[in-house]
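Just data08.cif here, mmCIF, C-alpha atoms and all ligand atoms:
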data_work
loop_
_atom_site.group_PDB
_atom_site.id
_atom_site.type_symbol
_atom_site.label_atom_id
_atom_site.label_comp_id
_atom_site.auth_asym_id
_atom_site.auth_seq_id
_atom_site.Cartn_x
_atom_site.Cartn_y
_atom_site.Cartn_z
ATOM 1 C CA MET A 1 59.985 -85.002 55.543
ATOM 2 C CA THR A 2 63.031 -86.235 53.696
ATOM 3 C CA ILE A 3 61.444 -89.583 53.007
ATOM 4 C CA LEU A 4 58.377 -87.864 51.704
ATOM 5 C CA PHE A 5 60.514 -85.693 49.477
ATOM 6 C CA LEU A 6 62.322 -88.744 48.141
ATOM 7 C CA LYS A 7 59.049 -90.565 47.463
ATOM 8 C CA GLU A 8 57.574 -87.622 45.623
ATOM 9 C CA ASN A 9 60.671 -87.043 43.585
ATOM 10 C CA ALA A 10 61.731 -90.647 43.086
ATOM 11 C CA LYS A 11 61.032 -90.522 39.399
ATOM 12 C CA THR A 12 62.928 -87.321 38.890
ATOM 13 C CA ILE A 13 65.909 -88.617 40.850
ATOM 14 C CA ALA A 14 65.876 -91.856 38.885
ATOM 15 C CA LYS A 15 65.903 -89.862 35.691
ATOM 16 C CA PHE A 16 69.031 -87.999 36.754
ATOM 17 C CA ASP A 17 71.749 -89.105 34.488
ATOM 18 C CA PHE A 18 74.638 -90.192 36.720
ATOM 19 C CA SER A 19 76.604 -91.096 33.649
ATOM 20 C CA ILE A 20 77.415 -87.414 33.248
ATOM 21 C CA LEU A 21 79.451 -87.649 36.424
ATOM 22 C CA ALA A 22 80.985 -90.958 35.405
ATOM 23 C CA ASN A 23 81.851 -89.563 31.976
ATOM 24 C CA PHE A 24 83.490 -86.564 33.536
ATOM 25 C CA PHE A 25 85.823 -88.761 35.572
ATOM 26 C CA THR A 26 86.504 -91.046 32.625
ATOM 27 C CA ASN A 27 87.471 -88.130 30.423
ATOM 28 C CA HIS A 28 89.340 -86.081 32.981
ATOM 29 C CA TRP A 29 90.974 -88.581 35.356
ATOM 30 C CA LYS A 30 94.395 -87.813 33.980
ATOM 31 C CA SER A 31 93.975 -84.096 34.636
ATOM 32 C CA LEU A 32 92.534 -84.744 38.106
ATOM 33 C CA LEU A 33 95.393 -87.096 38.984
ATOM 34 C CA GLY A 34 97.915 -84.612 37.637
ATOM 35 C CA LEU A 35 96.357 -81.845 39.682
ATOM 36 C CA LEU A 36 96.474 -84.004 42.810
ATOM 37 C CA ILE A 37 100.142 -84.900 42.296
ATOM 38 C CA LEU A 38 101.013 -81.275 41.543
ATOM 39 C CA THR A 39 99.288 -80.171 44.755
ATOM 40 C CA LEU A 40 101.246 -82.754 46.763
ATOM 41 C CA ILE A 41 104.559 -81.719 45.198
ATOM 42 C CA VAL A 42 103.931 -78.016 45.782
ATOM 43 C CA THR A 43 102.917 -78.712 49.399
ATOM 44 C CA PHE A 44 106.089 -80.761 49.913
ATOM 45 C CA ILE A 45 108.320 -78.025 48.478
ATOM 46 C CA ILE A 46 106.695 -75.274 50.538
ATOM 47 C CA GLN A 47 106.972 -77.300 53.755
ATOM 48 C CA ARG A 48 110.608 -78.117 53.024
ATOM 49 C CA LEU A 49 111.423 -74.451 52.395
ATOM 50 C CA ILE A 50 109.753 -73.413 55.657
ATOM 51 C CA ILE A 51 111.752 -76.022 57.623
ATOM 52 C CA LEU A 52 114.986 -74.996 55.899
ATOM 53 C CA LYS A 53 114.386 -71.335 56.672
ATOM 54 C CA LYS A 54 114.051 -72.217 60.353
ATOM 55 C CA LYS A 55 117.094 -74.538 60.357
ATOM 56 C CA ASN A 56 119.340 -72.067 58.526
ATOM 57 C CA LYS A 57 118.514 -69.174 60.794
ATOM 58 C CA PRO A 58 121.774 -67.821 62.194
ATOM 59 C CA VAL A 59 122.239 -68.814 65.818
ATOM 60 C CA ASP A 60 124.513 -67.370 68.435
ATOM 61 C CA THR A 61 127.768 -69.297 68.636
ATOM 62 C CA PRO A 62 127.266 -71.716 71.503
ATOM 63 C CA PHE A 63 129.566 -71.315 74.442
ATOM 64 C CA PHE A 64 131.353 -74.551 75.142
ATOM 65 C CA GLY A 65 132.760 -73.515 78.465
ATOM 66 C CA PHE A 66 136.327 -74.659 78.002
ATOM 67 C CA VAL A 67 138.777 -73.566 80.596
ATOM 68 C CA THR A 68 142.027 -72.711 78.897
ATOM 69 C CA ASN A 69 145.328 -72.257 80.621
ATOM 70 C CA SER A 70 148.543 -70.519 79.671
ATOM 71 C CA ASN A 71 150.071 -73.735 78.344
ATOM 72 C CA ASP A 72 147.348 -74.084 75.679
ATOM 73 C CA ARG A 73 148.534 -73.132 72.255
ATOM 74 C CA LEU A 74 147.586 -73.324 68.621
ATOM 75 C CA LEU A 75 149.570 -76.113 66.967
ATOM 76 C CA GLN A 76 148.392 -75.503 63.401
ATOM 77 C CA ASP A 77 145.458 -73.929 61.596
ATOM 78 C CA ASN A 78 145.882 -75.778 58.317
ATOM 79 C CA TYR A 79 145.170 -79.346 59.430
ATOM 80 C CA SER A 80 143.665 -80.623 56.182
ATOM 81 C CA LYS A 81 140.791 -83.102 56.560
ATOM 82 C CA PHE A 82 137.554 -83.482 54.582
ATOM 83 C CA LYS A 83 138.849 -80.955 52.009
ATOM 84 C CA VAL A 84 138.952 -78.050 54.472
ATOM 85 C CA PHE A 85 141.335 -76.748 57.133
ATOM 86 C CA TRP A 86 140.942 -77.251 60.878
ATOM 87 C CA ALA A 87 142.623 -75.464 63.736
ATOM 88 C CA VAL A 88 144.387 -77.864 66.080
ATOM 89 C CA ARG A 89 145.433 -76.776 69.554
ATOM 90 C CA THR A 90 146.393 -78.245 72.852
ATOM 91 C CA MET A 91 143.824 -77.704 75.531
ATOM 92 C CA ASN A 92 144.440 -78.774 79.106
ATOM 93 C CA GLY A 93 147.126 -81.078 77.830
ATOM 94 C CA ASN A 94 144.885 -82.755 75.253
ATOM 95 C CA ILE A 95 144.591 -82.313 71.532
ATOM 96 C CA HIS A 96 141.596 -80.230 70.538
ATOM 97 C CA ILE A 97 140.066 -79.456 67.134
ATOM 98 C CA ASP A 98 138.236 -76.128 66.923
ATOM 99 C CA TYR A 99 134.502 -76.346 66.320
ATOM 100 C CA VAL A 100 134.346 -74.365 63.102
ATOM 101 C CA PRO A 101 136.354 -75.477 60.025
ATOM 102 C CA LEU A 102 138.441 -72.966 58.088
ATOM 103 C CA CYS A 103 138.483 -72.062 54.418
ATOM 104 C CA PRO A 104 141.421 -73.840 52.697
ATOM 105 C CA ASN A 105 142.055 -70.692 50.612
ATOM 106 C CA CYS A 106 141.922 -67.901 53.186
ATOM 107 C CA LYS A 107 141.397 -69.522 56.628
ATOM 108 C CA THR A 108 138.101 -67.730 57.219
ATOM 109 C CA GLU A 109 135.611 -69.681 59.349
ATOM 110 C CA LEU A 110 133.175 -71.535 57.086
ATOM 111 C CA LYS A 111 129.436 -70.995 57.378
ATOM 112 C CA GLU A 112 127.102 -73.977 57.180
ATOM 113 C CA LYS A 113 123.758 -74.219 55.418
ATOM 114 C CA ILE A 114 121.464 -77.199 54.952
ATOM 115 C CA THR A 115 120.444 -77.661 51.320
ATOM 116 C CA PHE A 116 117.054 -78.681 49.916
ATOM 117 C CA TRP A 117 118.173 -82.323 49.629
ATOM 118 C CA ASN A 118 119.459 -82.458 53.200
ATOM 119 C CA LYS A 119 123.111 -82.043 52.307
ATOM 120 C CA PHE A 120 125.368 -79.626 54.142
ATOM 121 C CA LYS A 121 126.934 -76.741 52.281
ATOM 122 C CA TRP A 122 129.876 -74.918 53.792
ATOM 123 C CA ASN A 123 130.821 -71.638 52.238
ATOM 124 C CA CYS A 124 133.386 -68.933 52.786
ATOM 125 C CA ILE A 125 132.090 -65.388 53.126
ATOM 126 C CA ASN A 126 135.491 -63.982 52.176
ATOM 127 C CA CYS A 127 136.306 -65.815 48.950
ATOM 128 C CA ASP A 128 134.215 -67.953 46.596
ATOM 129 C CA PHE A 129 135.080 -71.279 48.242
ATOM 130 C CA SER A 130 132.177 -73.584 48.925
ATOM 131 C CA ILE A 131 131.887 -77.304 49.490
ATOM 132 C CA LYS A 132 129.074 -79.814 49.919
ATOM 133 C CA GLN A 133 129.439 -82.288 52.768
ATOM 134 C CA LYS A 134 127.394 -85.333 53.699
ATOM 135 C CA ASP A 135 127.335 -84.478 57.383
ATOM 136 C CA SER A 136 127.208 -81.451 59.643
ATOM 137 C CA GLN A 137 130.204 -79.456 60.876
ATOM 138 C CA LYS A 138 129.530 -80.790 64.362
ATOM 139 C CA ASN A 139 129.700 -84.469 63.329
ATOM 140 C CA ILE A 140 132.611 -84.074 60.904
ATOM 141 C CA ARG A 141 134.579 -82.137 63.545
ATOM 142 C CA GLU A 142 134.108 -85.090 65.905
ATOM 143 C CA ASN A 143 135.596 -87.380 63.238
ATOM 144 C CA VAL A 144 138.525 -84.994 62.704
ATOM 145 C CA GLN A 145 139.071 -84.954 66.485
ATOM 146 C CA THR A 146 139.171 -88.778 66.499
ATOM 147 C CA ILE A 147 141.582 -88.878 63.539
ATOM 148 C CA ALA A 148 143.876 -86.292 65.147
ATOM 149 C CA GLU A 149 143.907 -88.241 68.428
ATOM 150 C CA GLY A 150 144.868 -91.370 66.458
ATOM 151 C CA GLU A 151 147.717 -89.525 64.735
ATOM 152 C CA MET A 152 149.000 -88.253 68.066
ATOM 153 C CA ARG A 153 148.846 -91.762 69.475
ATOM 154 C CA ARG A 154 150.842 -93.100 66.510
ATOM 155 C CA ALA A 155 153.383 -90.345 67.047
ATOM 156 C CA GLY A 156 153.682 -91.530 70.615
ATOM 157 C CA GLN A 157 152.260 -88.346 72.078
ATOM 158 C CA GLY A 158 148.751 -89.484 72.857
ATOM 159 C CA ARG A 159 147.026 -89.891 76.147
HETATM 160 ZN ZN ZN A 201 137.901 -68.252 51.805
#
Once you've parsed the file, please lay out its structure as structure tokens.
Ligand SMILES: [Zn+2]
Amino acid sequence: MTILFLKENAKTIAKFDFSILANFFTNHWKSLLGLLILTLIVTFIIQRLIILKKKNKPVDTPFFGFVTNSNDRLLQDNYSKFKVFWAVRTMNGNIHIDYVPLCPNCKTELKEKITFWNKFKWNCINCDFSIKQKDSQKNIRENVQTIAEGEMRRAGQGR
């Protein structure tokens, strides 16, 4: 049936001017390419925003399950590293850096948000302090812990 149709209409099909289509692409390829790129960019932005919304959702503070005893005490809450303050305490005889950094202006715990370009922004909800960091609070805290342990060792009080 199809073959028959093609045979009967061969002349008509042959007469169809495909150059119209070719001309359209020749004249409008820039617009088509632009439209394609724009679509890709918009898709990328929307996806990124959706992921960020999920990542920045407030979560319950995780429970770390530390057992403290009566000898544990806060040594200082203005240990200045990475342009913010950290609370340093002894815990079970070891040095321990608290998990959340403190605002260098008012010592309020800093909130963390991941920015569009995958940087970490810490901001104070009490004053206007905010800072961009290259890594997360979790990873930077680990570095601060390591630095503090080194300082204790140098002071001759390490493990
Ligand atoms: Zn503050």
*Determine the residue membership of the PyMOL selection byres (((not hetatm)) within 6 of (chain A and resi 201)) for the file above and supply it as a PyMOL selection string.*
chain A and resi 103+105-106+108+124+126-127+129
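Between atom CA of Ile125 of chain A and atom CA of Lys111 of chain A there is a distance of 7.5 Å.
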*List the residues selected by the PyMOL selection byres (((chain A and resi 137) around 9) and not hetatm) in the file shown, writing them as a list in words.*
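Checking the PyMOL selection byres (((chain A and resi 137) around 9) and not hetatm) against this file, the residues are Tyr99, Val100, Pro101, Glu112, Phe120, Trp122, Gln133, Asp135, Ser136, Lys138, Asn139, Ile140, Arg141 and Glu142 of chain A.
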*atom CA of Gly156 of chain A and atom CA of Val88 of chain A are how many Å apart?*
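So the answer is 17.1 Å.
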*On this file, the PyMOL selection byres (((chain A and resi 90-98) around 8) and not hetatm) gives some set of residues; write that set as a ChimeraX atom specification.*
/A:67-69,71-75,86-89,99-101,141,144-145,148-149,159
*Residue nearest Lys119 of chain A - candidates A:Val59, A:Val84, A:Ile46, A:Leu52, atoms counted: all atoms listed in the file*: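 Under the stated criterion, the closest residue is A:Leu52.
The interatomic distance for the pair atom CA of Gln47 of chain A and atom CA of Phe116 of chain A works out to 10.9 Å.
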Set up a box along x, y and z of the file covering all listed atoms of segment 125-140 of chain A, add 3 Å on every one of the six sides, and write the centre and edge lengths in Å to one decimal, as lines of an AutoDock Vina configuration file.
center_x = 131.8
center_y = -74.7
center_z = 55.5
size_x = 15.1
size_y = 27.4
size_z = 23.8
*Choose the residue, out of A:Leu4, A:Ala22, A:Ile114, A:Leu40, that has the smallest atom-to-atom separation from Lys53 of chain A; count all atoms listed in the file.*
A:Ile114
N, CA and C atoms restored at segment 30-58 of chain A, emitted as a CSV table (one decimal), keeping the file's coordinate frame:
chain,number,residue,atom,x,y,z
A,30,LYS,N,93.0,-88.1,34.1
A,30,LYS,CA,94.4,-87.8,34.0
A,30,LYS,C,94.7,-86.4,34.5
A,31,SER,N,93.8,-85.5,34.2
A,31,SER,CA,94.0,-84.1,34.6
A,31,SER,C,93.8,-84.0,36.1
A,32,LEU,N,92.8,-84.8,36.7
A,32,LEU,CA,92.5,-84.7,38.1
A,32,LEU,C,93.7,-85.3,38.9
A,33,LEU,N,94.3,-86.4,38.3
A,33,LEU,CA,95.4,-87.1,39.0
A,33,LEU,C,96.6,-86.2,39.0
A,34,GLY,N,96.8,-85.5,37.8
A,34,GLY,CA,97.9,-84.6,37.6
A,34,GLY,C,97.8,-83.5,38.6
A,35,LEU,N,96.6,-83.0,38.8
A,35,LEU,CA,96.4,-81.8,39.7
A,35,LEU,C,96.7,-82.2,41.1
A,36,LEU,N,96.2,-83.5,41.5
A,36,LEU,CA,96.5,-84.0,42.8
A,36,LEU,C,98.0,-84.1,43.1
A,37,ILE,N,98.7,-84.7,42.1
A,37,ILE,CA,100.1,-84.9,42.3
A,37,ILE,C,100.8,-83.5,42.4
A,38,LEU,N,100.4,-82.6,41.5
A,38,LEU,CA,101.0,-81.3,41.5
A,38,LEU,C,100.8,-80.6,42.9
A,39,THR,N,99.6,-80.8,43.4
A,39,THR,CA,99.3,-80.2,44.8
A,39,THR,C,100.2,-80.8,45.8
A,40,LEU,N,100.4,-82.1,45.8
A,40,LEU,CA,101.2,-82.8,46.8
A,40,LEU,C,102.7,-82.3,46.7
A,41,ILE,N,103.2,-82.2,45.4
A,41,ILE,CA,104.6,-81.7,45.2
A,41,ILE,C,104.8,-80.3,45.7
A,42,VAL,N,103.8,-79.4,45.4
A,42,VAL,CA,103.9,-78.0,45.8
A,42,VAL,C,103.9,-77.9,47.3
A,43,THR,N,103.0,-78.7,47.9
A,43,THR,CA,102.9,-78.7,49.4
A,43,THR,C,104.2,-79.2,50.0
A,44,PHE,N,104.8,-80.2,49.4
A,44,PHE,CA,106.1,-80.8,49.9
A,44,PHE,C,107.2,-79.7,49.8
A,45,ILE,N,107.3,-79.0,48.7
A,45,ILE,CA,108.3,-78.0,48.5
A,45,ILE,C,108.2,-76.9,49.5
A,46,ILE,N,106.9,-76.4,49.6
A,46,ILE,CA,106.7,-75.3,50.5
A,46,ILE,C,107.1,-75.7,52.0
A,47,GLN,N,106.6,-76.9,52.4
A,47,GLN,CA,107.0,-77.3,53.8
A,47,GLN,C,108.5,-77.4,54.0
A,48,ARG,N,109.2,-78.0,53.0
A,48,ARG,CA,110.6,-78.1,53.0
A,48,ARG,C,111.3,-76.8,53.2
A,49,LEU,N,110.8,-75.8,52.4
A,49,LEU,CA,111.4,-74.5,52.4
A,49,LEU,C,111.2,-73.8,53.7
A,50,ILE,N,110.0,-74.0,54.3
A,50,ILE,CA,109.8,-73.4,55.7
A,50,ILE,C,110.7,-74.0,56.7
A,51,ILE,N,110.9,-75.3,56.7
A,51,ILE,CA,111.8,-76.0,57.6
A,51,ILE,C,113.2,-75.5,57.5
A,52,LEU,N,113.6,-75.4,56.2
A,52,LEU,CA,115.0,-75.0,55.9
A,52,LEU,C,115.2,-73.6,56.4
A,53,LYS,N,114.2,-72.7,56.2
A,53,LYS,CA,114.4,-71.3,56.7
A,53,LYS,C,114.6,-71.3,58.2
A,54,LYS,N,113.9,-72.1,58.9
A,54,LYS,CA,114.1,-72.2,60.4
A,54,LYS,C,115.4,-72.8,60.7
A,55,LYS,N,115.8,-73.9,60.0
A,55,LYS,CA,117.1,-74.5,60.4
A,55,LYS,C,118.3,-73.7,60.0
A,56,ASN,N,118.2,-72.9,59.0
A,56,ASN,CA,119.3,-72.1,58.5
A,56,ASN,C,119.4,-70.7,59.2
A,57,LYS,N,118.5,-70.4,60.1
A,57,LYS,CA,118.5,-69.2,60.8
A,57,LYS,C,119.8,-69.1,61.6
A,58,PRO,N,120.5,-67.9,61.5
A,58,PRO,CA,121.8,-67.8,62.2
A,58,PRO,C,121.5,-67.9,63.7
